[in-house]
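Okay, input_36.tsv is below, TSV, C-alpha atoms:
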```
chain	number	residue	atom	x	y	z
A	9	MET	CA	32.34	-11.85	-6.87
A	10	ASN	CA	31.00	-13.72	-3.83
A	11	PHE	CA	28.96	-12.24	-0.96
A	12	GLU	CA	29.41	-13.93	2.40
A	13	GLY	CA	26.38	-12.27	4.01
A	14	ASN	CA	23.07	-11.00	2.68
A	15	ARG	CA	23.76	-7.29	3.31
A	16	THR	CA	25.87	-5.49	0.73
A	17	THR	CA	26.44	-2.07	-0.84
A	18	ARG	CA	25.24	-0.19	-3.89
A	19	GLU	CA	28.76	-0.16	-5.32
A	20	ALA	CA	29.06	-3.93	-5.00
A	21	ILE	CA	25.77	-4.77	-6.72
A	22	ARG	CA	26.51	-2.35	-9.55
A	23	GLU	CA	29.73	-4.21	-10.31
A	24	ILE	CA	27.93	-7.52	-10.92
A	25	PRO	CA	27.94	-8.22	-14.69
A	26	GLU	CA	24.79	-9.42	-16.45
A	27	PRO	CA	24.62	-12.52	-18.71
A	28	LEU	CA	24.29	-12.10	-22.45
A	29	TRP	CA	20.83	-11.82	-23.99
A	30	THR	CA	19.29	-14.76	-25.78
A	31	ASP	CA	16.22	-14.92	-28.05
A	32	SER	CA	13.99	-15.91	-25.12
A	33	TRP	CA	15.70	-14.25	-22.17
A	34	HIS	CA	16.62	-10.58	-21.78
A	35	PRO	CA	18.35	-10.13	-18.41
A	36	VAL	CA	18.74	-6.58	-17.14
A	37	SER	CA	21.70	-5.90	-14.89
A	38	HIS	CA	21.31	-5.04	-11.21
A	39	ARG	CA	23.14	-1.82	-11.98
A	40	VAL	CA	20.52	-0.73	-14.54
A	41	CYS	CA	17.65	-1.65	-12.20
A	42	ASP	CA	19.17	0.37	-9.37
A	43	ILE	CA	19.81	3.39	-11.59
A	44	ILE	CA	16.24	3.35	-12.98
A	45	VAL	CA	14.65	3.12	-9.51
A	46	ASN	CA	16.81	5.87	-8.03
A	47	ASN	CA	16.41	8.17	-11.05
A	48	THR	CA	12.62	7.75	-10.86
A	49	VAL	CA	12.63	8.64	-7.17
A	50	ASP	CA	14.59	11.80	-7.98
A	51	LYS	CA	12.22	12.76	-10.82
A	52	LEU	CA	9.21	12.44	-8.53
A	53	GLY	CA	10.85	14.58	-5.85
A	54	LEU	CA	10.94	11.88	-3.17
A	55	GLN	CA	13.73	12.05	-0.60
A	56	VAL	CA	15.45	8.83	0.43
A	57	ASP	CA	16.21	8.44	4.13
A	58	LYS	CA	18.03	5.11	3.93
A	59	THR	CA	18.94	2.51	1.30
A	60	ILE	CA	19.46	-1.18	2.05
A	61	TYR	CA	20.82	-3.79	-0.36
A	62	SER	CA	21.18	-7.55	-0.08
A	63	ALA	CA	22.48	-10.17	-2.48
A	64	SER	CA	22.72	-13.93	-2.81
A	65	LYS	CA	26.17	-15.43	-2.33
A	66	ALA	CA	27.08	-15.30	-6.02
A	67	GLY	CA	25.35	-11.97	-6.54
A	68	GLU	CA	22.86	-13.38	-9.04
A	69	ASN	CA	19.82	-12.31	-6.99
A	70	VAL	CA	19.66	-8.82	-5.51
A	71	THR	CA	17.12	-6.87	-3.48
A	72	GLY	CA	17.02	-3.18	-2.74
A	73	MET	CA	14.91	-1.13	-0.35
A	74	LEU	CA	14.65	2.66	-0.33
A	75	ILE	CA	13.06	4.07	2.81
A	76	ILE	CA	11.44	7.42	2.05
A	77	LYS	CA	11.61	10.46	4.34
A	78	ASN	CA	8.16	11.19	5.69
A	79	GLY	CA	8.65	13.55	8.60
A	80	ASN	CA	8.05	12.57	12.21
A	81	THR	CA	4.84	10.64	11.51
A	82	GLY	CA	5.75	7.13	12.65
A	83	LEU	CA	5.25	5.87	9.09
A	84	ASN	CA	7.97	4.24	7.04
A	85	PRO	CA	7.00	4.31	3.35
A	86	ALA	CA	9.46	2.27	1.32
A	87	LEU	CA	10.17	1.12	-2.21
A	88	PHE	CA	11.29	-2.45	-2.64
A	89	TRP	CA	12.76	-3.95	-5.83
A	90	ARG	CA	14.40	-7.23	-6.61
A	91	ASN	CA	16.14	-8.60	-9.68
A	92	SER	CA	17.53	-11.94	-10.77
A	93	ILE	CA	20.04	-12.70	-13.52
A	94	ASN	CA	19.84	-16.48	-13.13
A	95	LYS	CA	16.10	-16.95	-13.83
A	96	THR	CA	15.15	-17.42	-10.16
A	97	PHE	CA	12.37	-14.81	-10.34
A	98	ALA	CA	11.11	-11.88	-12.38
A	99	PHE	CA	12.08	-8.28	-11.76
A	100	SER	CA	9.57	-6.98	-9.23
A	101	LEU	CA	8.71	-3.67	-7.65
A	102	ALA	CA	6.56	-3.11	-4.58
A	103	VAL	CA	5.67	0.18	-2.95
A	104	GLY	CA	3.75	0.53	0.29
A	105	THR	CA	3.58	2.13	3.68
A	106	PHE	CA	4.32	-0.70	6.07
A	107	THR	CA	6.58	-2.48	3.63
A	108	SER	CA	9.06	-4.86	5.19
A	109	MET	CA	11.84	-6.97	3.74
A	110	CYS	CA	13.57	-10.10	4.95
A	111	SER	CA	16.46	-12.09	3.57
A	112	ASN	CA	14.32	-14.37	1.42
A	113	GLY	CA	12.82	-11.44	-0.45
A	114	MET	CA	9.28	-11.57	0.92
A	115	ILE	CA	7.38	-8.29	0.93
A	116	TYR	CA	4.56	-7.04	3.13
A	117	GLY	CA	2.23	-4.08	3.08
A	118	TRP	CA	-1.33	-2.85	3.20
A	119	GLU	CA	-3.74	-3.58	0.37
A	120	ASN	CA	-2.90	-0.22	-1.16
A	121	GLN	CA	0.63	-1.22	-2.04
A	122	PHE	CA	1.54	-1.37	-5.70
A	123	LYS	CA	3.14	-4.53	-7.08
A	124	GLU	CA	4.55	-4.99	-10.55
A	125	PHE	CA	6.45	-7.90	-12.06
A	126	ARG	CA	8.26	-8.30	-15.39
A	127	LYS	CA	9.91	-11.47	-16.58
A	128	HIS	CA	13.20	-11.26	-18.42
A	129	THR	CA	11.57	-12.53	-21.57
A	130	GLY	CA	9.96	-11.04	-24.66
A	131	ARG	CA	10.53	-7.31	-25.01
A	132	LEU	CA	11.80	-6.41	-21.56
A	133	ASP	CA	14.38	-3.67	-21.92
A	134	GLU	CA	15.44	-0.51	-20.13
A	135	THR	CA	12.62	1.53	-21.69
A	136	GLU	CA	9.85	-0.82	-20.55
A	137	LEU	CA	11.46	-1.22	-17.14
A	138	SER	CA	11.60	2.56	-16.72
A	139	GLN	CA	7.88	2.80	-17.56
A	140	VAL	CA	6.97	0.08	-15.06
A	141	VAL	CA	8.99	1.69	-12.27
A	142	TYR	CA	7.69	5.20	-12.95
A	143	LYS	CA	4.05	4.08	-13.00
A	144	GLY	CA	4.42	2.12	-9.80
A	145	ILE	CA	6.22	4.74	-7.76
A	146	ASP	CA	4.10	7.62	-9.06
A	147	ASN	CA	0.80	5.89	-8.24
A	148	ALA	CA	1.94	4.70	-4.84
A	149	SER	CA	3.43	8.03	-3.75
A	150	LYS	CA	0.01	9.63	-4.22
A	151	ARG	CA	-1.59	6.97	-2.04
A	152	MET	CA	1.05	7.53	0.62
A	153	TYR	CA	-0.34	11.03	1.18
A	154	ASP	CA	-3.78	9.59	1.99
A	155	ILE	CA	-2.27	7.12	4.44
A	156	LYS	CA	-0.24	9.85	6.11
A	157	GLU	CA	-3.39	11.96	6.55
A	158	TRP	CA	-5.32	8.98	7.93
A	159	HIS	CA	-2.53	8.21	10.38
A	160	LEU	CA	-2.06	11.79	11.63
A	161	SER	CA	-5.82	12.34	11.95
A	162	MET	CA	-5.84	9.81	14.79
A	163	GLU	CA	-4.24	12.51	16.95
A	164	ASN	CA	-7.57	14.40	16.78
A	165	VAL	CA	-9.60	11.46	18.12
A	166	ILE	CA	-9.61	11.99	21.89
A	167	LEU	CA	-10.21	9.01	24.18
A	168	ASP	CA	-11.07	9.28	27.86
A	169	SER	CA	-9.70	6.67	30.24
A	170	THR	CA	-12.80	4.45	30.09
A	171	ILE	CA	-12.99	4.43	26.29
A	172	SER	CA	-9.26	3.85	25.91
A	173	LYS	CA	-9.36	0.80	28.20
A	174	SER	CA	-12.53	-0.47	26.52
A	175	LEU	CA	-10.83	-0.19	23.13
A	176	ALA	CA	-7.85	-2.14	24.44
A	177	TYR	CA	-10.16	-4.84	25.82
A	178	ASP	CA	-11.90	-5.17	22.43
A	179	ALA	CA	-8.52	-5.37	20.69
A	180	ILE	CA	-7.46	-8.22	22.99
A	181	TYR	CA	-10.76	-10.02	22.43
A	182	GLU	CA	-10.44	-9.74	18.64
A	183	GLY	CA	-6.80	-10.86	18.58
A	184	ILE	CA	-5.36	-7.48	17.67
A	185	ILE	CA	-3.30	-7.67	20.86
A	186	SER	CA	-2.00	-11.06	21.93
A	187	LYS	CA	-3.11	-12.11	25.44
A	188	GLN	CA	0.47	-13.12	26.16
A	189	ARG	CA	1.63	-9.57	25.47
A	190	VAL	CA	-1.02	-7.68	27.44
A	191	PRO	CA	1.45	-6.73	30.23
A	192	GLU	CA	3.83	-5.28	27.65
A	193	PHE	CA	1.00	-3.39	25.93
A	194	ASN	CA	-0.18	-2.06	29.28
A	195	ASP	CA	3.31	-0.72	30.03
A	196	LEU	CA	3.46	0.98	26.63
A	197	LEU	CA	0.09	2.74	26.91
A	198	PHE	CA	-1.04	2.84	30.54
A	199	GLY	CA	2.06	2.22	32.66
A	200	GLU	CA	3.80	4.76	34.89
A	201	ASN	CA	6.54	5.24	32.29
A	202	HIS	CA	4.25	4.79	29.30
A	203	GLU	CA	5.72	5.45	25.86
A	204	TYR	CA	2.41	6.34	24.16
A	205	ASP	CA	-0.43	8.71	25.08
A	206	CYS	CA	-3.56	6.74	26.00
A	207	SER	CA	-5.75	9.84	25.56
A	208	THR	CA	-5.65	9.70	21.74
A	209	LEU	CA	-6.33	7.07	19.11
A	210	PHE	CA	-2.89	7.89	17.74
A	211	GLY	CA	-1.31	6.64	20.97
A	212	PHE	CA	-3.35	3.44	20.96
A	213	HIS	CA	-2.31	2.72	17.37
A	214	GLY	CA	1.32	3.43	18.21
A	215	ALA	CA	1.35	1.01	21.15
A	216	CYS	CA	-0.14	-1.75	18.98
A	217	THR	CA	2.34	-1.30	16.14
A	218	GLN	CA	5.21	-1.20	18.63
A	219	LEU	CA	4.29	-4.76	19.59
A	220	TYR	CA	4.17	-5.79	15.94
A	221	ARG	CA	7.56	-4.29	15.14
A	222	GLU	CA	9.12	-6.40	17.86
A	223	MET	CA	7.50	-9.63	16.69
A	224	ARG	CA	9.64	-10.17	13.56
A	225	MET	CA	7.18	-12.85	12.45
A	226	GLY	CA	6.96	-12.40	8.69
A	227	PHE	CA	3.44	-12.93	7.39
A	228	ARG	CA	1.98	-12.52	10.87
A	229	PHE	CA	3.38	-8.97	10.93
A	230	ALA	CA	1.43	-8.05	7.79
A	231	GLU	CA	-1.72	-9.86	8.92
A	232	LEU	CA	-1.86	-8.00	12.24
A	233	ASN	CA	-1.28	-4.62	10.60
A	234	LYS	CA	-4.26	-5.23	8.31
A	235	LYS	CA	-6.45	-6.32	11.23
A	236	LEU	CA	-5.45	-3.25	13.22
A	237	PHE	CA	-6.31	-0.92	10.32
A	238	LYS	CA	-9.76	-2.50	9.93
A	239	PHE	CA	-10.33	-2.51	13.70
A	240	ILE	CA	-9.71	1.24	13.94
A	241	ASP	CA	-11.40	2.22	10.69
A	242	ASP	CA	-14.59	0.28	11.51
A	243	ARG	CA	-14.97	2.24	14.75
A	244	TYR	CA	-13.72	5.71	13.80
A	245	ARG	CA	-14.13	6.03	10.03
A	246	LEU	CA	-16.18	9.22	10.28
A	247	HIS	CA	-13.42	10.86	12.33
A	248	LEU	CA	-10.49	9.89	10.11
A	249	TYR	CA	-9.36	11.66	6.95
A	250	SER	CA	-9.21	9.87	3.59
A	251	SER	CA	-10.27	6.51	5.02
A	252	SER	CA	-12.41	5.82	1.95
A	253	ASN	CA	-9.32	6.13	-0.25
A	254	LEU	CA	-7.46	3.41	1.62
A	255	ASN	CA	-9.94	0.57	1.04
```
Write-out of the structure in structure tokens:
Amino acid sequence: MNFEGNRTTREAIREIPEPLWTDSWHPVSHRVCDIIVNNTVDKLGLQVDKTIYSASKAGENVTGMLIIKNGNTGLNPALFWRNSINKTFAFSLAVGTFTSMCSNGMIYGWENQFKEFRKHTGRLDETELSQVVYKGIDNASKRMYDIKEWHLSMENVILDSTISKSLAYDAIYEGIISKQRVPEFNDLLFGENHEYDCSTLFGFHGACTQLYREMRMGFRFAELNKKLFKFIDDRYRLHLYSSSNLN
């Protein structure tokens, strides 16, 4: 089976056969990995909003992303897994809030994200893989609640016009907002047809992350998200819920 593009379907990746085991290498099929991840999500009571799969041309390397329903919070918690049956990389699982995936399998997220890797050697089997996946998703789903509370609590931090503009100025000075994109940021937060409410910290955060979502710049995307979190938390920690649990 050959895949002309990166994007594929669950049915297609589950049809890819796995190589035979050897004494030193215990490959686990993409089908088994996908079943374990999805069964664990069901056991933990998480609801999947969208599932995305991609595969290398020969189907030997596969990635899967499950975007979790989280209400109308602006957050996109996601579970990312990847698996190789040609020794390119180990099975890996990552869970985080601002997790992102691109065609080369890179993953991004805040420091709180859980990462776990298992090589297809030694005693790797379905039982161990199930334990790894359950531990990772269970731990991370608990942290997601803290992040959700932190994010929503920004709605309770009221900013008057002077403070809001001062905060934006500081963000530009510290590189949180690119100088080249100030006009775009201004339209998002302060313009006549503004998309975000400048009177709350929630609106300021939303305008910043809107710029980041449109950048599509890989590592830079993750770096700016981390800087923005620290920028806000340093100034408003006492007003935000669960901030101590996110460090």
A:Glu203: which residues within 10 Å, counting all atoms listed in the file, same-chain residues fewer than 5 positions away excluded, as a PyMOL selection string? chain A and resi 195-198+211+214-215+218
Work out how far apart atom CA of A:Asp133 and atom CA of A:Ile24 are and give it in Å to one decimal.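 One can read the atom CA of A:Asp133 to atom CA of A:Ile24 distance as 17.9 Å.
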Record the distance separating atom CA of A:Lys156 and atom CA of A:Ala179, expressed in Å with one decimal.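 A separation of 22.6 Å between them.
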Point out the residue among A:Trp29, A:Tyr61, A:Phe99, A:Phe239 with the least atom-to-atom distance to A:Cys41, counting only C-alpha atoms.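 Among the listed residues, A:Phe99 lies closest to A:Cys41.
Reported to one decimal place, the separation of atom CA of A:Pro27 from atom CA of A:Gly72 is 20.0 Å.
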Nearest to A:Thr170 by atom-to-atom distance, counting only C-alpha atoms, from A:Val40, A:Leu232, A:Val49, A:Ser207: A:Ser207
A:Ile240: which residues within 12 Å, counting all atoms listed in the file, same-chain residues fewer than 2 positions away excluded, as a PDB file with C-alpha atoms, in the frame of the given file?
```pdb
ATOM      1  CA  TRP A 158      -5.320   8.980   7.930  1.00  0.00           C
ATOM      2  CA  HIS A 159      -2.530   8.210  10.380  1.00  0.00           C
ATOM      3  CA  SER A 161      -5.820  12.340  11.950  1.00  0.00           C
ATOM      4  CA  MET A 162      -5.840   9.810  14.790  1.00  0.00           C
ATOM      5  CA  VAL A 165      -9.600  11.460  18.120  1.00  0.00           C
ATOM      6  CA  LEU A 175     -10.830  -0.190  23.130  1.00  0.00           C
ATOM      7  CA  ALA A 176      -7.850  -2.140  24.440  1.00  0.00           C
ATOM      8  CA  ASP A 178     -11.900  -5.170  22.430  1.00  0.00           C
ATOM      9  CA  ALA A 179      -8.520  -5.370  20.690  1.00  0.00           C
ATOM     10  CA  GLU A 182     -10.440  -9.740  18.640  1.00  0.00           C
ATOM     11  CA  ILE A 184      -5.360  -7.480  17.670  1.00  0.00           C
ATOM     12  CA  LEU A 209      -6.330   7.070  19.110  1.00  0.00           C
ATOM     13  CA  PHE A 210      -2.890   7.890  17.740  1.00  0.00           C
ATOM     14  CA  PHE A 212      -3.350   3.440  20.960  1.00  0.00           C
ATOM     15  CA  HIS A 213      -2.310   2.720  17.370  1.00  0.00           C
ATOM     16  CA  CYS A 216      -0.140  -1.750  18.980  1.00  0.00           C
ATOM     17  CA  ASN A 233      -1.280  -4.620  10.600  1.00  0.00           C
ATOM     18  CA  LYS A 234      -4.260  -5.230   8.310  1.00  0.00           C
ATOM     19  CA  LYS A 235      -6.450  -6.320  11.230  1.00  0.00           C
ATOM     20  CA  LEU A 236      -5.450  -3.250  13.220  1.00  0.00           C
ATOM     21  CA  PHE A 237      -6.310  -0.920  10.320  1.00  0.00           C
ATOM     22  CA  LYS A 238      -9.760  -2.500   9.930  1.00  0.00           C
ATOM     23  CA  ASP A 242     -14.590   0.280  11.510  1.00  0.00           C
ATOM     24  CA  ARG A 243     -14.970   2.240  14.750  1.00  0.00           C
ATOM     25  CA  TYR A 244     -13.720   5.710  13.800  1.00  0.00           C
ATOM     26  CA  ARG A 245     -14.130   6.030  10.030  1.00  0.00           C
ATOM     27  CA  LEU A 246     -16.180   9.220  10.280  1.00  0.00           C
ATOM     28  CA  HIS A 247     -13.420  10.860  12.330  1.00  0.00           C
ATOM     29  CA  LEU A 248     -10.490   9.890  10.110  1.00  0.00           C
ATOM     30  CA  SER A 251     -10.270   6.510   5.020  1.00  0.00           C
TER      31      SER A 251
END
```
Please determine, counting only C-alpha atoms, which residue among A:Ser174, A:Asn201, A:Asn147, A:Ser37 has the shortest atom-to-atom distance to A:Glu134.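 Counting only C-alpha atoms, the residue closest to A:Glu134 is A:Ser37.
Using only C-alpha atoms for every distance, the candidate list A:Gly53, A:Pro35, A:Pro25, A:Gly199 yields A:Pro35 as the residue closest to A:Leu132.
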Please write out, as AutoDock Vina command-line options, where the centre of an axis-aligned box around all listed atoms of stretch 164-177 of chain A lies and how long its edges are, in Å to one decimal, after adding 3 Å on each side.
```
--center_x -10.3 --center_y 4.8 --center_z 23.5 --size_x 11.4 --size_y 25.2 --size_z 19.5
```
Using all atoms listed in the file, which residue out of A:Glu200, A:Lys77, A:Val70, A:Ser186 lies closest to A:Asp57? A:Lys77
